[in-house]
Structures are given as structure tokens and as C-alpha cells.
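**Student:** Input: one structure, supplied below.
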Amino acid sequence: MLIDIRQISKIYNEGHESEVRALDDVSLQIDRGEFCCILGQSGSGKSTLMNILGCLDIPTYGQYFLDGEAVSDMSVAKLAGIRNKQIGFIFQGFNLIPGLTAFENVELPLIYRGLHSEQRRQLCVAALTAVGLENRMKHRPAELSGGQQQRVAIARAIAAKPPIIMADEPTGNLDSHASAEIMAMLARLNDDGASVILITHDRVLANVAKRIVTISDGRVVNDCAVPEETRRGVLKGAVSA
Amino acid sequence: MNLFRTFAMALKSIANNKMRSFLTMLGIIIGVCSVITLLSLVGGMTQQQLEQFEKMGTNIIQIDYGTWNGKYIDIYKDLMLECKKYSQYISAATPVSQTNVNARYRSKKLSSATVYFGNEDFDICKNMELSAGRTLCYMDVKNRVKVCVIGSYVREQFFGLENPIGKKIKLKGVEYTVVGTYVSKYDNQQYSDDGMIVVPMSCARSLANQTKFTSFIVKARSADSTNLAMFYLGNFMRSKVDVKNNNGYISVYTNNQWQESISKSMRIYSLVGGGVAGISLLVGGIGIMNIMLVSVTERTREIGIRMAIGAKRSSIVWQFLIEAATISACGGLLGIGLGAVGSYIITAAIIKQVYFPSFGIMLGAMLFSVALGIFFGFYPANKASKMQPVEALRNQ
């Protein structure tokens, strides 16, 4: 089991009148190599779930085991190490650093990992080539289109070949053509062996995943597999779009 | 993450915000520049004062003695031997006494010219420099040779453009051969050292009917050795003159006390000036802290991104610390450059003598500004590192 969360709750302002239960007693297991979509409306708690799964936030209650290790007990430094080595993030707003070029943005997690410059260069070039941006390495985010920026973000997420890719509304800021490209890319990454967790509110796009976990009001309300035909259909449609 | 990469990142971040970085540096630039300029000015003034003292003769020890019973104790030879004994501290010694006589050269006359009696060390002890010819020598003194060395005023009065060397002047009717002339020290004033005629001490008897020398000038090798020389000479004088039983008096003193008081007041100026300039450096440091705090706020999202992709707290602290230190170091370097120019202009304008800050001052200013950057950068850096990644990422 890659990800195992047990009865996790995230409560803001607990005990106050303004108490908000973003997640309420959620349990979820995700296996290695899965392509899992967490589907939910705005405010349903899906982003909170992703933040916890991605070790960006800690739950108020419950336990989280990542690859058998209890994340809840980890130090801040160890969590940073997990984010660096185990997880590749793709965000809705791309989250690239504006002052750095595409190459430097992709290089950043590798620097934090402590790799040598030649090793970093090879991994960056490979990742940027994989997303088709080998000719845009020296461009800054402002000089790239939205789709290209998200591809840089994907390159950054996959450069160090982490076992988990987490994508939070990766197509939220993109047109349909660019969205389709990104979705196809995520599917390819999963085919190559990465576990992909996709967070979206889009019911159609959710069908790209192999499994859909639906969240509403901080609770898991549905957990189902996506028939392979539906997946293929959506992917085909996405690619043709 | 290694320091070199962090440093490169800091440079990049500074380059990305040129105007803001420059404005941040401005406080440090002005602070370092004013520290350096002020210290140079005070340093230049001190040096100039000391040079003026040098002209008057530094490390000079004046010895006077006498007895109350009118009995003359001749200490000349013993004193010279004593000075030789402590030659690691003492470079020269001469008796010094003077008389006023009428001097003549052909038809030209100088009434009441100042004649000094001295030995071969006279010019060293009086800090006189030769402009032509030679000084008195041991043989002149030993053999009572009637020679003299004249000051620039006497030379001008008697000889004008003529070469005085080898010419004979009359002192109290007796001929003395001019063997040397001194460089002017006091704008050719008659009643200064420029108006003197120096003859061998052995001629004192014939010229002034004087055989006793109770005043001496001793020159120490350096300011440091002056005190030691004074100590030994004091002991020597006490062994010769019975001061204990109040049969006589001795006086051994130096004008270095003046120098010390000048150096002391200059040190106070340095401290006050440096303190005032230091305050502006401090203000510059606070400016750095302000801007770094703004920078942390502005770059909250960037910090969030960096944390999300694996930056540890220490990496974030180092990044902001190195950024602050780099900004202040750049400010320090620019301040040193401007300070050197400022020193040049101000010292040239105020003390008419260019004086540059010492390497030590520049290094100190540089290190101080880096330390300021680190000190004032720590709070914002620490603040940045304490952010929760998810909170930081939410920041727009």
C-alpha cells in the first residue's frame, strides 16, 4: 500500500463558533501504480485532502501512512525530504518561480535534493524533452503560454522521477486543447509506472483516471473504478480536442 | 543545498529586483562611505599634525641641569658615553648654548645674530636639513676649527645668489669659514632657526667666553624609545647631580607629551565621527531588515513553492540570509569605492593633502556591513522559514 489514510479529519478553528470541518473522518487507500482521481465540488475538501496527502499540511486527527511510514509523526525536515523525493506536484496556478527560466524551475527540486550539476542538467533536459519543451529551456514563465507553463510544472514534477504525482486541478487555467495535452501526459506518466493522484471538479476529465473517489462536505461519498472503455473514450476525445 | 548555489540564487534574486536592491543598499553605501570618509579625514588631520611636530623635531629630549652652589659639573663626555651606551634608543646628542654677536660679511652686517654652539650631531638634534655643503664634524669640534653652518636667513642676507660655501664671515671680528647652509624651516625669519649660525662648541670660549654647557639636546630613535631614553638619561643625570640633597636640579623633558595629547584628541574625533557614521550604518541595516521583510511577504508564494518541492527550513533561512548579506556586501563594496573618492575630495579640500583610508579600515567596513546583513537578515529569514507550506502557497 502506497498511501493509507485512516479516519483523517482536518478541522479549522476547532471549538470556536467558526469551526470548519474540511475533512471529516476520511479513510482512503491508494496502491502503487494507481491513477486515482479525487472528484469534488468547490469547498468539498478535495484540496485539503491533497495538501495532507502531499505532506503540505497535517491532519487534525487520524493517521497517514506513506509507504508504510507514519507521516503524522515526522519532523518538518523529514516532511520536506518526502516532498522532495517521493512526490511531484502539479498545481492549478502552475506555481513556477517567475524570476527563473524553465530550466532553472525544473532544476530547483534537484538542487534541494543535492544532485551534482551534470546529473541535474541531464535530468532537466530529459524532463523538458519529455514534455516537448526542449526548445524553451531558457524562457521565463512570462514568455510561455499557459499550456507551456503547465508543461514546465509537469517537467519539474517528474524530473526527479518521484513515485507519486499529485495534480491539483492541473487544467483549471487552460483551454481545452492544452487541457487534453496535459491529461494525456498524466495518463502516460501513469502508464510508465507512476502513481498519479488527480484532483478535479470536472466529472468528464475525472474519467481519465482508473478510479474516482468522490468527496462531498469533507467525506468520501463514492469510490468507484472507471471502465477502461470510458477512459479510452475520454482520452481519445481529449486528444482529438 | 550547497552555499555556492544559494549564493548564485541570491545574486539572481538581487538582479531580478535591481531597483529595490539598490535602494536597500543605499543605506549601507552611505553608512560605509561616511565612516570611511570621516576616518580618512581624521586620519589625515592626525598625520598632518604629527608631520608638523616632526618638523619641529620629534623624539627630542631636552636636558638642563645646574647646581645651587655655583660649582660647575662637566658632564659632556660622560653624557656622550651614556648616549652611546644606549644607542639602541638614542640616535644623537649635542650640547646646545647660544649667544648673540655681530656678524659681518664684507660690508654687510647682521647685528645681534644668533650663534649656536654644538657638536657634529647638532643638525640631527635640531632637525635641520642641509641645503649645501656639510655639517660640523668631529674634527671641527676637536680642533676648534673656525667653521660655521648658516641658516637660510643669514645666507640670504649675506650672500643672496652667491655661493656661500668657502666664504669667510666675521663673528665678533674673527673669521669663520662657511662650510654648509641649512634649508629654510620657518620662511626665512631672522629670529627662528633660519637666522642661526652654528659653530663648533669648542669655539664657545673664544666667541662667548663660555666653557660650560648645561643644556643638551638628545634625539631618541623613535617615539617608543623616547620614554626609555628619558628613563636612562634621568638616572644618569641623578648620578651626576646631587638632587637628593637639594644641591642642584635636573630637567629631562620631551615635547612628545604634546604629540600624545594631539593623538588622544584625534582618537576622540575618530570615535565620535565613527560613531555618528556608525549610526547611519545601523539605519542602513534596519533598512535591509525592512526590505527583507517586505521581500519575504512579497515572495510568500515563492517560499511556499520552494517548500512544496522540498526546500528545508535551513535552505530558506540560508537563501534569505545570503541574500541580505550579499546586498549589504555589495553596498559595502560600493560604499568603500565612494568612500575612497570622498576621502580624496574631502582631504584634498580641507587639509590640502590627499589621504586614503587604510586597508584595515576598508576590510573592517566590508566585514561590518556583511555582519549587519546577516544580523538584520536573520529575523526575516527565520520568519520565512517558519511558514507553513500550505499557507504560503495560498498567498496570492
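By convention here, the chains of the C-alpha cells are called A, B, ... in the order presented, each chain's residues are numbered starting at 1, and ligands are numbered starting at 1 in the order presented.
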Leaving out Ile82 in chain A and any residue of its chain fewer than 6 positions from it, which residues lie within 9 Å of it when counting only C-alpha atoms, given as number ranges by chain?

**Tutor:** A: 54-55; B: 310

**Student:** Just N, CA and C atoms for this one: save the residues we selected as a short mmCIF file (atom, residue, chain, number, x, y, z; two decimals), in the first residue's frame.

**Tutor:**
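Now in selection_5.cif:
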```
data_model
loop_
_atom_site.label_atom_id
_atom_site.label_comp_id
_atom_site.auth_asym_id
_atom_site.auth_seq_id
_atom_site.Cartn_x
_atom_site.Cartn_y
_atom_site.Cartn_z
N GLY A 54 -0.11 15.25 0.20
CA GLY A 54 1.17 15.75 -0.33
C GLY A 54 2.11 16.23 0.77
N CYS A 55 1.76 15.99 2.02
CA CYS A 55 2.61 16.39 3.16
C CYS A 55 2.83 17.89 3.23
N GLY B 310 10.39 20.69 -1.81
CA GLY B 310 11.39 20.00 -1.00
C GLY B 310 12.41 20.85 -0.28
#
```

**Student:** Residues of chain A within 8 Å of chain B, counting only C-alpha atoms - could you list those as a PyMOL selection string?

**Tutor:** chain A and resi 51+56-57+76-77+80-85+88-89+95-97+99+108-109+111-114

**Student:** For N, CA and C atoms, I'd like the residues from the last selection saved as a PDB file, in the first residue's frame.

**Tutor:**
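See out-v8.pdb below for the written result:
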```pdb
ATOM      1  N   ASN A  51      -3.540  18.391   0.049  1.00  0.00           N
ATOM      2  CA  ASN A  51      -2.468  19.003   0.856  1.00  0.00           C
ATOM      3  C   ASN A  51      -1.956  18.035   1.916  1.00  0.00           C
ATOM      4  N   LEU A  56       1.903  18.670   2.653  1.00  0.00           N
ATOM      5  CA  LEU A  56       1.994  20.126   2.756  1.00  0.00           C
ATOM      6  C   LEU A  56       1.266  20.595   4.011  1.00  0.00           C
ATOM      7  N   ASP A  57       0.419  19.738   4.528  1.00  0.00           N
ATOM      8  CA  ASP A  57      -0.394  20.108   5.688  1.00  0.00           C
ATOM      9  C   ASP A  57      -0.533  18.853   6.566  1.00  0.00           C
ATOM     10  N   VAL A  76       9.585  18.296  10.558  1.00  0.00           N
ATOM     11  CA  VAL A  76       9.423  19.220   9.426  1.00  0.00           C
ATOM     12  C   VAL A  76      10.455  18.916   8.336  1.00  0.00           C
ATOM     13  N   ALA A  77      11.687  18.638   8.773  1.00  0.00           N
ATOM     14  CA  ALA A  77      12.766  18.384   7.802  1.00  0.00           C
ATOM     15  C   ALA A  77      12.488  17.104   7.033  1.00  0.00           C
ATOM     16  N   ALA A  80       9.904  17.661   4.457  1.00  0.00           N
ATOM     17  CA  ALA A  80      10.477  18.352   3.297  1.00  0.00           C
ATOM     18  C   ALA A  80      11.179  17.343   2.403  1.00  0.00           C
ATOM     19  N   GLY A  81      11.853  16.380   3.020  1.00  0.00           N
ATOM     20  CA  GLY A  81      12.552  15.338   2.264  1.00  0.00           C
ATOM     21  C   GLY A  81      11.567  14.486   1.479  1.00  0.00           C
ATOM     22  N   ILE A  82      10.422  14.173   2.099  1.00  0.00           N
ATOM     23  CA  ILE A  82       9.403  13.352   1.413  1.00  0.00           C
ATOM     24  C   ILE A  82       8.847  14.117   0.219  1.00  0.00           C
ATOM     25  N   ARG A  83       8.538  15.394   0.425  1.00  0.00           N
ATOM     26  CA  ARG A  83       8.006  16.208  -0.684  1.00  0.00           C
ATOM     27  C   ARG A  83       9.008  16.259  -1.830  1.00  0.00           C
ATOM     28  N   ASN A  84      10.287  16.278  -1.452  1.00  0.00           N
ATOM     29  CA  ASN A  84      11.327  16.398  -2.460  1.00  0.00           C
ATOM     30  C   ASN A  84      11.543  15.088  -3.225  1.00  0.00           C
ATOM     31  N   LYS A  85      11.500  13.979  -2.526  1.00  0.00           N
ATOM     32  CA  LYS A  85      11.907  12.713  -3.154  1.00  0.00           C
ATOM     33  C   LYS A  85      10.730  11.843  -3.608  1.00  0.00           C
ATOM     34  N   GLY A  88       5.764  14.519  -6.706  1.00  0.00           N
ATOM     35  CA  GLY A  88       5.883  15.593  -7.686  1.00  0.00           C
ATOM     36  C   GLY A  88       4.559  16.323  -7.758  1.00  0.00           C
ATOM     37  N   PHE A  89       4.584  17.642  -7.533  1.00  0.00           N
ATOM     38  CA  PHE A  89       3.333  18.410  -7.515  1.00  0.00           C
ATOM     39  C   PHE A  89       3.084  19.112  -8.846  1.00  0.00           C
ATOM     40  N   ASN A  95       2.426  27.550 -10.392  1.00  0.00           N
ATOM     41  CA  ASN A  95       3.407  27.751  -9.318  1.00  0.00           C
ATOM     42  C   ASN A  95       4.852  27.632  -9.775  1.00  0.00           C
ATOM     43  N   LEU A  96       5.156  28.340 -10.837  1.00  0.00           N
ATOM     44  CA  LEU A  96       6.560  28.430 -11.247  1.00  0.00           C
ATOM     45  C   LEU A  96       7.131  29.705 -10.634  1.00  0.00           C
ATOM     46  N   ILE A  97       8.434  29.735 -10.425  1.00  0.00           N
ATOM     47  CA  ILE A  97       9.051  30.953  -9.874  1.00  0.00           C
ATOM     48  C   ILE A  97       9.365  31.897 -11.032  1.00  0.00           C
ATOM     49  N   GLY A  99      11.100  34.533 -11.656  1.00  0.00           N
ATOM     50  CA  GLY A  99      12.440  35.024 -11.998  1.00  0.00           C
ATOM     51  C   GLY A  99      13.338  33.976 -12.613  1.00  0.00           C
ATOM     52  N   LEU A 108      15.210  23.218  -9.749  1.00  0.00           N
ATOM     53  CA  LEU A 108      15.134  23.578  -8.330  1.00  0.00           C
ATOM     54  C   LEU A 108      14.990  22.381  -7.366  1.00  0.00           C
ATOM     55  N   PRO A 109      14.007  21.488  -7.594  1.00  0.00           N
ATOM     56  CA  PRO A 109      13.908  20.356  -6.646  1.00  0.00           C
ATOM     57  C   PRO A 109      15.149  19.474  -6.672  1.00  0.00           C
ATOM     58  N   ILE A 111      18.159  20.572  -7.074  1.00  0.00           N
ATOM     59  CA  ILE A 111      19.165  21.269  -6.256  1.00  0.00           C
ATOM     60  C   ILE A 111      18.926  20.935  -4.789  1.00  0.00           C
ATOM     61  N   TYR A 112      17.640  21.029  -4.387  1.00  0.00           N
ATOM     62  CA  TYR A 112      17.323  20.728  -2.983  1.00  0.00           C
ATOM     63  C   TYR A 112      17.641  19.271  -2.644  1.00  0.00           C
ATOM     64  N   ARG A 113      17.641  18.438  -3.657  1.00  0.00           N
ATOM     65  CA  ARG A 113      17.950  17.037  -3.429  1.00  0.00           C
ATOM     66  C   ARG A 113      19.457  16.839  -3.270  1.00  0.00           C
ATOM     67  N   GLY A 114      20.212  17.849  -3.730  1.00  0.00           N
ATOM     68  CA  GLY A 114      21.672  17.789  -3.550  1.00  0.00           C
ATOM     69  C   GLY A 114      22.393  17.078  -4.686  1.00  0.00           C
TER      70      GLY A 114
END
```

**Student:** Could you list, as a JSON list (two decimals) with N, CA and C atoms, in the first residue's frame, every residue within 10 Å of Val208 in chain A, counting only C-alpha atoms and ignoring same-chain residues fewer than 5 positions away?

**Tutor:**
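The result, written out as result02.json:
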```json
[["chain", "number", "residue", "atom", "x", "y", "z"],
["A", 35, "PHE", "N", -4.04, 5.23, -10.82],
["A", 35, "PHE", "CA", -4.35, 6.58, -11.33],
["A", 35, "PHE", "C", -5.69, 6.92, -10.69],
["A", 36, "CYS", "N", -5.61, 7.66, -9.59],
["A", 36, "CYS", "CA", -6.80, 7.90, -8.79],
["A", 36, "CYS", "C", -7.23, 9.36, -8.91],
["A", 37, "CYS", "N", -8.50, 9.55, -9.15],
["A", 37, "CYS", "CA", -9.00, 10.93, -9.21],
["A", 37, "CYS", "C", -9.83, 11.22, -7.97],
["A", 183, "MET", "N", -3.75, 16.12, -19.79],
["A", 183, "MET", "CA", -4.37, 14.87, -19.32],
["A", 183, "MET", "C", -3.70, 13.66, -19.95],
["A", 184, "ALA", "N", -3.42, 13.77, -21.25],
["A", 184, "ALA", "CA", -2.75, 12.67, -21.95],
["A", 184, "ALA", "C", -1.38, 12.42, -21.32],
["A", 186, "LEU", "N", -0.53, 13.00, -18.21],
["A", 186, "LEU", "CA", -0.69, 12.34, -16.91],
["A", 186, "LEU", "C", -0.94, 10.85, -17.11],
["A", 187, "ALA", "N", -1.75, 10.52, -18.09],
["A", 187, "ALA", "CA", -2.05, 9.12, -18.37],
["A", 187, "ALA", "C", -0.77, 8.38, -18.77],
["A", 198, "LEU", "N", -5.08, 12.69, -9.15],
["A", 198, "LEU", "CA", -5.60, 13.88, -9.83],
["A", 198, "LEU", "C", -6.76, 14.46, -9.02],
["A", 203, "ARG", "N", -16.22, 16.36, -13.93],
["A", 203, "ARG", "CA", -16.67, 14.96, -13.98],
["A", 203, "ARG", "C", -16.17, 14.24, -15.23],
["A", 226, "VAL", "N", -13.13, 3.22, -12.97],
["A", 226, "VAL", "CA", -13.62, 3.72, -14.25],
["A", 226, "VAL", "C", -13.41, 2.61, -15.29],
["A", 227, "PRO", "N", -14.48, 2.25, -15.99],
["A", 227, "PRO", "CA", -14.30, 1.22, -17.02],
["A", 227, "PRO", "C", -13.26, 1.67, -18.05],
["A", 228, "GLU", "N", -12.45, 0.73, -18.48],
["A", 228, "GLU", "CA", -11.34, 1.03, -19.40],
["A", 228, "GLU", "C", -11.84, 1.71, -20.68],
["A", 230, "THR", "N", -14.48, 3.66, -21.05],
["A", 230, "THR", "CA", -14.80, 5.07, -20.78],
["A", 230, "THR", "C", -13.52, 5.89, -20.77],
["A", 231, "ARG", "N", -12.51, 5.34, -20.10],
["A", 231, "ARG", "CA", -11.19, 6.02, -20.01],
["A", 231, "ARG", "C", -10.66, 6.32, -21.39],
["A", 232, "ARG", "N", -10.63, 5.25, -22.17],
["A", 232, "ARG", "CA", -10.06, 5.39, -23.51],
["A", 232, "ARG", "C", -10.82, 6.42, -24.34],
["A", 233, "GLY", "N", -12.16, 6.35, -24.15],
["A", 233, "GLY", "CA", -13.01, 7.29, -24.88],
["A", 233, "GLY", "C", -12.68, 8.73, -24.51],
["A", 234, "VAL", "N", -12.56, 8.96, -23.23],
["A", 234, "VAL", "CA", -12.27, 10.33, -22.77],
["A", 234, "VAL", "C", -10.90, 10.77, -23.27],
["A", 235, "LEU", "N", -9.94, 9.84, -23.15],
["A", 235, "LEU", "CA", -8.58, 10.18, -23.59],
["A", 235, "LEU", "C", -8.55, 10.48, -25.08],
["A", 236, "LYS", "N", -9.27, 9.65, -25.83],
["A", 236, "LYS", "CA", -9.32, 9.84, -27.28],
["A", 236, "LYS", "C", -9.93, 11.19, -27.60],
["A", 238, "ALA", "N", -10.14, 13.66, -25.61],
["A", 238, "ALA", "CA", -9.25, 14.71, -25.14],
["A", 238, "ALA", "C", -8.17, 14.98, -26.16]]
```

**Student:** Considering only C-alpha atoms, return as JSON, numbers by chain whatever protein or nucleic-acid residues lie within 9 Å of Lys138 in chain A, sequence-local ones (same chain, fewer than 2 positions apart) excluded.

**Tutor:** {"A": [100, 101, 102, 103, 104, 135, 136, 140]}

**Student:** Could you turn the residues from that selection into a file that holds N, CA and C atoms, as an mmCIF file, in the first residue's frame?

**Tutor:**
```cif
data_model
loop_
_atom_site.group_PDB
_atom_site.id
_atom_site.type_symbol
_atom_site.label_atom_id
_atom_site.label_comp_id
_atom_site.auth_asym_id
_atom_site.auth_seq_id
_atom_site.Cartn_x
_atom_site.Cartn_y
_atom_site.Cartn_z
ATOM 1 N N LEU A 100 12.915 32.729 -12.569
ATOM 2 C CA LEU A 100 13.784 31.659 -13.061
ATOM 3 C C LEU A 100 13.321 31.175 -14.437
ATOM 4 N N THR A 101 14.252 30.681 -15.236
ATOM 5 C CA THR A 101 13.903 30.140 -16.551
ATOM 6 C C THR A 101 13.243 28.779 -16.363
ATOM 7 N N ALA A 102 12.693 28.241 -17.469
ATOM 8 C CA ALA A 102 12.041 26.927 -17.413
ATOM 9 C C ALA A 102 13.038 25.904 -16.873
ATOM 10 N N PHE A 103 14.259 25.958 -17.394
ATOM 11 C CA PHE A 103 15.289 25.010 -16.962
ATOM 12 C C PHE A 103 15.539 25.132 -15.463
ATOM 13 N N GLU A 104 15.682 26.386 -15.005
ATOM 14 C CA GLU A 104 16.011 26.596 -13.577
ATOM 15 C C GLU A 104 14.865 26.170 -12.663
ATOM 16 N N ASN A 135 12.989 23.183 -26.622
ATOM 17 C CA ASN A 135 13.432 24.453 -27.248
ATOM 18 C C ASN A 135 13.063 25.695 -26.419
ATOM 19 N N ARG A 136 12.487 25.482 -25.263
ATOM 20 C CA ARG A 136 12.033 26.632 -24.468
ATOM 21 C C ARG A 136 12.737 26.698 -23.102
ATOM 22 N N ARG A 140 11.561 32.361 -19.620
ATOM 23 C CA ARG A 140 10.965 32.543 -18.284
ATOM 24 C C ARG A 140 9.462 32.274 -18.382
#
```

**Student:** Between A:Ala160, A:Ile8, A:Leu110, A:Val20, which has the minimum distance to Leu49 in chain A (counting only C-alpha atoms)?

**Tutor:**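 Among the listed residues, A:Ile8 lies closest to Leu49 in chain A.
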
**Student:** For each of B:Ala223, B:Met139, B:Val183, B:Leu41, take the minimum atom-to-atom distance to Ser202 in chain B, counting only C-alpha atoms, then give the residue where this is smallest.

**Tutor:** B:Met139

**Student:** Quick one, how far is CA of Gly45 in chain A from CA of Ser27 in chain A?

**Tutor:**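 For CA of Gly45 in chain A relative to CA of Ser27 in chain A, the distance reads 13.4 Å.
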
**Student:** Within 10 Å of Tyr232 in chain B, counting only C-alpha atoms, which residues show up once you throw out same-chain ones fewer than 6 positions away? Write them as a list in words, please.

**Tutor:** Glu82, Cys83, Tyr86, Tyr89 and Arg238 of chain B

**Student:** Take the residues from that selection and put them in a file with N, CA and C atoms, as a compact mmCIF listing (two decimals), in the first residue's frame.

**Tutor:**
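Output saved as result13.txt:
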```txt
# COMPACT_ATOMS: atom_id res chain seq x y z
N GLU B 82 77.24 57.84 27.75
CA GLU B 82 75.96 57.26 28.16
C GLU B 82 75.04 57.09 26.94
N CYS B 83 75.03 58.13 26.11
CA CYS B 83 74.18 58.08 24.91
C CYS B 83 74.63 56.96 23.98
N TYR B 86 73.43 53.61 25.23
CA TYR B 86 72.02 53.31 24.94
C TYR B 86 71.68 53.66 23.50
N TYR B 89 68.42 53.21 21.70
CA TYR B 89 67.30 54.13 21.92
C TYR B 89 67.63 55.55 21.47
N ARG B 238 70.82 61.99 37.58
CA ARG B 238 70.74 61.93 39.05
C ARG B 238 72.06 61.44 39.66
```

**Student:** DSSP on the backbone: what in range 49-153 of chain B comes out alpha helix (DSSP H), as a ChimeraX atom specification?

**Tutor:** /B:49-57,76-85,122-125,138-142,152-153

**Student:** For the residues in that selection, give me C-alpha atoms as a compact mmCIF listing (two decimals), in the first residue's frame.

**Tutor:**
```txt
# COMPACT_ATOMS: atom_id res chain seq x y z
CA GLN B 49 49.71 67.36 12.87
CA LEU B 50 52.28 64.70 13.50
CA GLU B 51 54.22 65.80 10.45
CA GLN B 52 54.25 69.35 11.79
CA PHE B 53 55.64 68.01 15.03
CA GLU B 54 58.15 66.06 13.04
CA LYS B 55 59.32 69.31 11.51
CA MET B 56 59.75 70.80 14.93
CA GLY B 57 61.63 67.68 15.85
CA TYR B 76 79.60 66.38 28.49
CA LYS B 77 81.93 63.45 27.92
CA ASP B 78 80.09 61.15 30.30
CA LEU B 79 76.77 62.08 28.76
CA MET B 80 78.07 61.30 25.29
CA LEU B 81 79.33 57.92 26.53
CA GLU B 82 75.96 57.26 28.16
CA CYS B 83 74.18 58.08 24.91
CA LYS B 84 76.48 55.69 23.05
CA LYS B 85 75.74 53.02 25.65
CA PHE B 122 73.71 69.48 16.17
CA ASP B 123 71.72 69.42 12.92
CA ILE B 124 70.23 65.99 13.67
CA CYS B 125 69.16 67.07 17.13
CA TYR B 138 84.08 65.71 14.90
CA MET B 139 87.44 67.14 13.85
CA ASP B 140 85.99 70.67 13.70
CA VAL B 141 84.91 70.30 17.30
CA LYS B 142 88.11 68.61 18.45
CA SER B 152 68.73 80.34 5.20
CA TYR B 153 68.05 83.85 6.51
```
